[in-house]
Amino acid sequence: MRLDPDQCRRLATGARFAVLATRAADGVADLVPITFALECGPDGDRLVSAVDHKPKSSLRLARLTNIAREPRVTVLFDHRDDDWDALWWVRARGTAVVRDPGTATALLAARYLPYRDRPPEGPVVEVRITAWSGWSARG
């Protein structure tokens, strides 16, 4: 069943993780799992995700380079289960910018316990969501 934007927001807000899709220089989709915080309101919907302390092969992350070149992104939230009646997915499309951490770290720390002791210090990806779509096996 197709979901309306309010249903999409509700499911996405409850999700613990998501996948960020950016476009690489050669045009190929580049996907990376992210932690995130989502703010939805009358002035629009905003998602933030930060580069944190988890080990990475480089601090020159492809997602940041990709966003600088092409800011249009997609974020996928989903729920998988052996009970196929419980399946759903939500897609958020928007425009991303890379920012300094600022207040985004407090939003992330409110959602993820490890960030309370060690807030992310790296750049923040902020996505202004322009479109929601989704599907659920349940009505």
# chains A, B, ... in the order shown; residues from 1 in each chain; ligands from 1
$ residues_around --residues "A:Phe36" --least-positions-apart "4" --cutoff "12 Å" --atoms "only C-alpha atoms" --output "PyMOL selection string"
chain A and resi 12-20+46-52+75-77+104-112+115+120+124-127
$ residues_around --residues "A:Ala86" --least-positions-apart "6" --cutoff "12 Å" --atoms "only C-alpha atoms" --output "ChimeraX atom specification"
/A:1,78-80,135-139
$ write_last_selection --atoms "N, CA and C atoms" --output "compact mmCIF listing (two decimals), in the first residue's frame"
# COMPACT_ATOMS: atom_id res chain seq x y z
N MET A 1 0.83 -1.17 0.00
CA MET A 1 0.00 0.00 0.00
C MET A 1 0.88 1.24 0.00
N ASP A 78 13.88 1.56 6.10
CA ASP A 78 13.06 0.38 5.85
C ASP A 78 12.99 -0.52 7.07
N HIS A 79 12.02 -1.41 7.01
CA HIS A 79 11.86 -2.44 8.04
C HIS A 79 11.77 -3.78 7.33
N ARG A 80 12.67 -4.66 7.70
CA ARG A 80 12.70 -6.00 7.11
C ARG A 80 12.30 -7.01 8.17
N TRP A 135 6.00 2.67 0.95
CA TRP A 135 5.12 1.52 0.77
C TRP A 135 5.11 0.73 2.06
N SER A 136 3.98 0.14 2.37
CA SER A 136 3.85 -0.74 3.51
C SER A 136 2.95 -1.93 3.15
N ALA A 137 3.29 -3.09 3.66
CA ALA A 137 2.45 -4.26 3.42
C ALA A 137 1.15 -4.14 4.18
N ARG A 138 1.17 -3.38 5.26
CA ARG A 138 -0.04 -3.15 6.07
C ARG A 138 -0.67 -1.83 5.69
N GLY A 139 -1.95 -1.76 5.77
CA GLY A 139 -2.67 -0.54 5.43
C GLY A 139 -2.58 0.55 6.45
$ select_by_dssp --residues "stretch 42-135 of chain A" --states "alpha helix (DSSP H)" --output "VMD selection string"
chain A and resid 62 to 69 104 to 111 113 to 117
$ write_last_selection --atoms "all heavy atoms" --output "short mmCIF file (atom, residue, chain, number, x, y, z; two decimals), in the first residue's frame"
data_model
loop_
_atom_site.label_atom_id
_atom_site.label_comp_id
_atom_site.auth_asym_id
_atom_site.auth_seq_id
_atom_site.Cartn_x
_atom_site.Cartn_y
_atom_site.Cartn_z
N ALA A 62 33.59 9.75 0.59
CA ALA A 62 32.96 9.90 -0.72
C ALA A 62 31.64 10.65 -0.61
O ALA A 62 31.33 11.49 -1.46
CB ALA A 62 32.75 8.53 -1.37
N ARG A 63 30.87 10.39 0.44
CA ARG A 63 29.56 11.06 0.54
C ARG A 63 29.71 12.57 0.60
O ARG A 63 28.90 13.30 0.04
CB ARG A 63 28.77 10.52 1.72
CG ARG A 63 29.31 10.93 3.08
CD ARG A 63 28.65 10.21 4.21
NE ARG A 63 29.52 9.14 4.62
CZ ARG A 63 29.54 8.60 5.82
NH1 ARG A 63 28.67 8.97 6.73
NH2 ARG A 63 30.39 7.66 6.12
N LEU A 64 30.75 13.06 1.29
CA LEU A 64 30.96 14.50 1.40
C LEU A 64 31.39 15.10 0.07
O LEU A 64 30.91 16.16 -0.34
CB LEU A 64 31.99 14.80 2.50
CG LEU A 64 31.67 14.23 3.89
CD1 LEU A 64 32.77 14.58 4.86
CD2 LEU A 64 30.31 14.68 4.38
N THR A 65 32.29 14.41 -0.62
CA THR A 65 32.74 14.85 -1.94
C THR A 65 31.57 14.84 -2.93
O THR A 65 31.39 15.78 -3.71
CB THR A 65 33.87 13.93 -2.45
OG1 THR A 65 34.94 13.97 -1.50
CG2 THR A 65 34.37 14.37 -3.81
N ASN A 66 30.78 13.78 -2.89
CA ASN A 66 29.64 13.66 -3.79
C ASN A 66 28.63 14.78 -3.57
O ASN A 66 28.10 15.37 -4.53
CB ASN A 66 28.96 12.31 -3.63
CG ASN A 66 29.83 11.15 -4.06
OD1 ASN A 66 30.84 11.33 -4.73
ND2 ASN A 66 29.44 9.96 -3.67
N ILE A 67 28.33 15.08 -2.32
CA ILE A 67 27.36 16.13 -1.99
C ILE A 67 27.87 17.49 -2.44
O ILE A 67 27.08 18.31 -2.94
CB ILE A 67 27.02 16.11 -0.49
CG1 ILE A 67 26.18 14.87 -0.17
CG2 ILE A 67 26.31 17.39 -0.05
CD1 ILE A 67 26.03 14.57 1.31
N ALA A 68 29.15 17.74 -2.28
CA ALA A 68 29.71 19.04 -2.71
C ALA A 68 29.51 19.23 -4.22
O ALA A 68 29.28 20.35 -4.68
CB ALA A 68 31.18 19.12 -2.35
N ARG A 69 29.60 18.16 -4.96
CA ARG A 69 29.47 18.23 -6.42
C ARG A 69 28.01 18.15 -6.86
O ARG A 69 27.59 18.84 -7.78
CB ARG A 69 30.27 17.09 -7.08
CG ARG A 69 30.37 17.20 -8.59
CD ARG A 69 31.04 15.99 -9.23
NE ARG A 69 30.32 14.76 -8.91
CZ ARG A 69 30.61 13.93 -7.90
NH1 ARG A 69 31.64 14.15 -7.12
NH2 ARG A 69 29.89 12.86 -7.67
N ALA A 104 23.44 19.90 15.59
CA ALA A 104 23.08 18.56 15.10
C ALA A 104 23.58 17.47 16.05
O ALA A 104 22.93 16.43 16.18
CB ALA A 104 23.64 18.33 13.70
N THR A 105 24.69 17.70 16.72
CA THR A 105 25.21 16.66 17.61
C THR A 105 24.26 16.41 18.78
O THR A 105 24.12 15.28 19.22
CB THR A 105 26.62 17.01 18.12
OG1 THR A 105 26.59 18.27 18.77
CG2 THR A 105 27.62 17.04 16.97
N ALA A 106 23.59 17.44 19.27
CA ALA A 106 22.62 17.25 20.36
C ALA A 106 21.43 16.42 19.87
O ALA A 106 20.92 15.57 20.60
CB ALA A 106 22.15 18.60 20.89
N LEU A 107 20.99 16.66 18.64
CA LEU A 107 19.88 15.88 18.08
C LEU A 107 20.28 14.40 17.97
O LEU A 107 19.49 13.51 18.28
CB LEU A 107 19.50 16.41 16.71
CG LEU A 107 18.90 17.81 16.65
CD1 LEU A 107 18.79 18.28 15.20
CD2 LEU A 107 17.55 17.83 17.34
N LEU A 108 21.50 14.15 17.52
CA LEU A 108 21.97 12.77 17.37
C LEU A 108 22.18 12.10 18.73
O LEU A 108 21.87 10.93 18.90
CB LEU A 108 23.25 12.75 16.54
CG LEU A 108 23.02 13.12 15.07
CD1 LEU A 108 24.34 13.50 14.40
CD2 LEU A 108 22.35 11.98 14.32
N ALA A 109 22.71 12.85 19.69
CA ALA A 109 22.93 12.29 21.03
C ALA A 109 21.61 11.92 21.70
O ALA A 109 21.55 10.98 22.50
CB ALA A 109 23.70 13.29 21.89
N ALA A 110 20.55 12.63 21.38
CA ALA A 110 19.24 12.30 21.94
C ALA A 110 18.73 10.96 21.40
O ALA A 110 17.94 10.29 22.06
CB ALA A 110 18.24 13.41 21.63
N ARG A 111 19.19 10.54 20.22
CA ARG A 111 18.73 9.29 19.60
C ARG A 111 19.64 8.11 19.84
O ARG A 111 19.19 6.97 19.86
CB ARG A 111 18.61 9.49 18.08
CG ARG A 111 17.37 10.21 17.65
CD ARG A 111 17.23 10.25 16.15
NE ARG A 111 17.30 9.01 15.44
CZ ARG A 111 16.28 8.17 15.22
NH1 ARG A 111 15.10 8.43 15.71
NH2 ARG A 111 16.45 7.08 14.51
N LEU A 113 22.68 6.41 22.15
CA LEU A 113 23.40 6.39 23.41
C LEU A 113 24.92 6.59 23.25
O LEU A 113 25.51 7.37 24.00
CB LEU A 113 23.10 5.08 24.16
CG LEU A 113 23.68 4.94 25.55
CD1 LEU A 113 23.13 6.03 26.46
CD2 LEU A 113 23.35 3.58 26.11
N PRO A 114 25.60 5.94 22.30
CA PRO A 114 27.05 6.14 22.20
C PRO A 114 27.46 7.59 21.94
O PRO A 114 28.55 8.01 22.32
CB PRO A 114 27.46 5.26 21.01
CG PRO A 114 26.40 4.21 20.94
CD PRO A 114 25.14 4.90 21.36
N TYR A 115 26.58 8.37 21.33
CA TYR A 115 26.90 9.78 21.06
C TYR A 115 26.79 10.66 22.30
O TYR A 115 27.28 11.78 22.31
CB TYR A 115 25.99 10.33 19.96
CG TYR A 115 26.26 9.80 18.58
CD1 TYR A 115 25.28 9.86 17.61
CD2 TYR A 115 27.48 9.25 18.23
CE1 TYR A 115 25.51 9.37 16.32
CE2 TYR A 115 27.72 8.76 16.95
CZ TYR A 115 26.72 8.83 16.01
OH TYR A 115 26.96 8.37 14.74
N ARG A 116 26.15 10.15 23.35
CA ARG A 116 26.04 10.96 24.57
C ARG A 116 27.38 11.08 25.26
O ARG A 116 27.72 12.13 25.79
CB ARG A 116 25.00 10.35 25.50
CG ARG A 116 23.61 10.48 24.90
CD ARG A 116 22.54 9.87 25.73
NE ARG A 116 21.34 9.76 24.89
CZ ARG A 116 20.39 8.89 25.08
NH1 ARG A 116 20.44 8.04 26.10
NH2 ARG A 116 19.36 8.85 24.27
N ASP A 117 28.15 9.99 25.24
CA ASP A 117 29.48 10.01 25.85
C ASP A 117 30.53 10.58 24.90
O ASP A 117 31.54 11.12 25.35
CB ASP A 117 29.90 8.60 26.27
CG ASP A 117 29.03 8.06 27.40
OD1 ASP A 117 28.53 8.88 28.20
OD2 ASP A 117 28.85 6.84 27.47
#
$ select_by_dssp --residues "stretch 65-124 of chain A" --states "strand (DSSP E or B)" --output "MDAnalysis selection string"
chainID A and resid 72:79 88:99 124
$ closest_residue --among "A:Pro5, A:Pro42, A:Gly122, A:Gly134" --to "A:Arg91" --atoms "only C-alpha atoms"
A:Gly134
$ atom_distance --atom1 "atom CA of A:Trp88" --atom2 "atom CA of A:Pro71"
26.3 Å
$ residues_around --residues "A:Gly27" --least-positions-apart "4" --cutoff "10 Å" --atoms "only C-alpha atoms" --output "list of chain:residue names"
A:Thr22, A:Arg23, A:Asn66, A:Glu70
$ write_last_selection --atoms "N, CA and C atoms" --output "mmCIF file, in the first residue's frame"
data_model
loop_
_atom_site.group_PDB
_atom_site.id
_atom_site.type_symbol
_atom_site.label_atom_id
_atom_site.label_comp_id
_atom_site.auth_asym_id
_atom_site.auth_seq_id
_atom_site.Cartn_x
_atom_site.Cartn_y
_atom_site.Cartn_z
ATOM 1 N N THR A 22 24.113 8.998 -2.579
ATOM 2 C CA THR A 22 24.652 10.155 -3.286
ATOM 3 C C THR A 22 25.078 9.677 -4.660
ATOM 4 N N ARG A 23 25.482 10.628 -5.502
ATOM 5 C CA ARG A 23 25.904 10.260 -6.852
ATOM 6 C C ARG A 23 27.404 10.517 -6.992
ATOM 7 N N ASN A 66 30.781 13.782 -2.887
ATOM 8 C CA ASN A 66 29.644 13.663 -3.794
ATOM 9 C C ASN A 66 28.628 14.778 -3.570
ATOM 10 N N GLU A 70 27.222 17.280 -6.226
ATOM 11 C CA GLU A 70 25.809 17.058 -6.594
ATOM 12 C C GLU A 70 24.991 16.923 -5.309
#
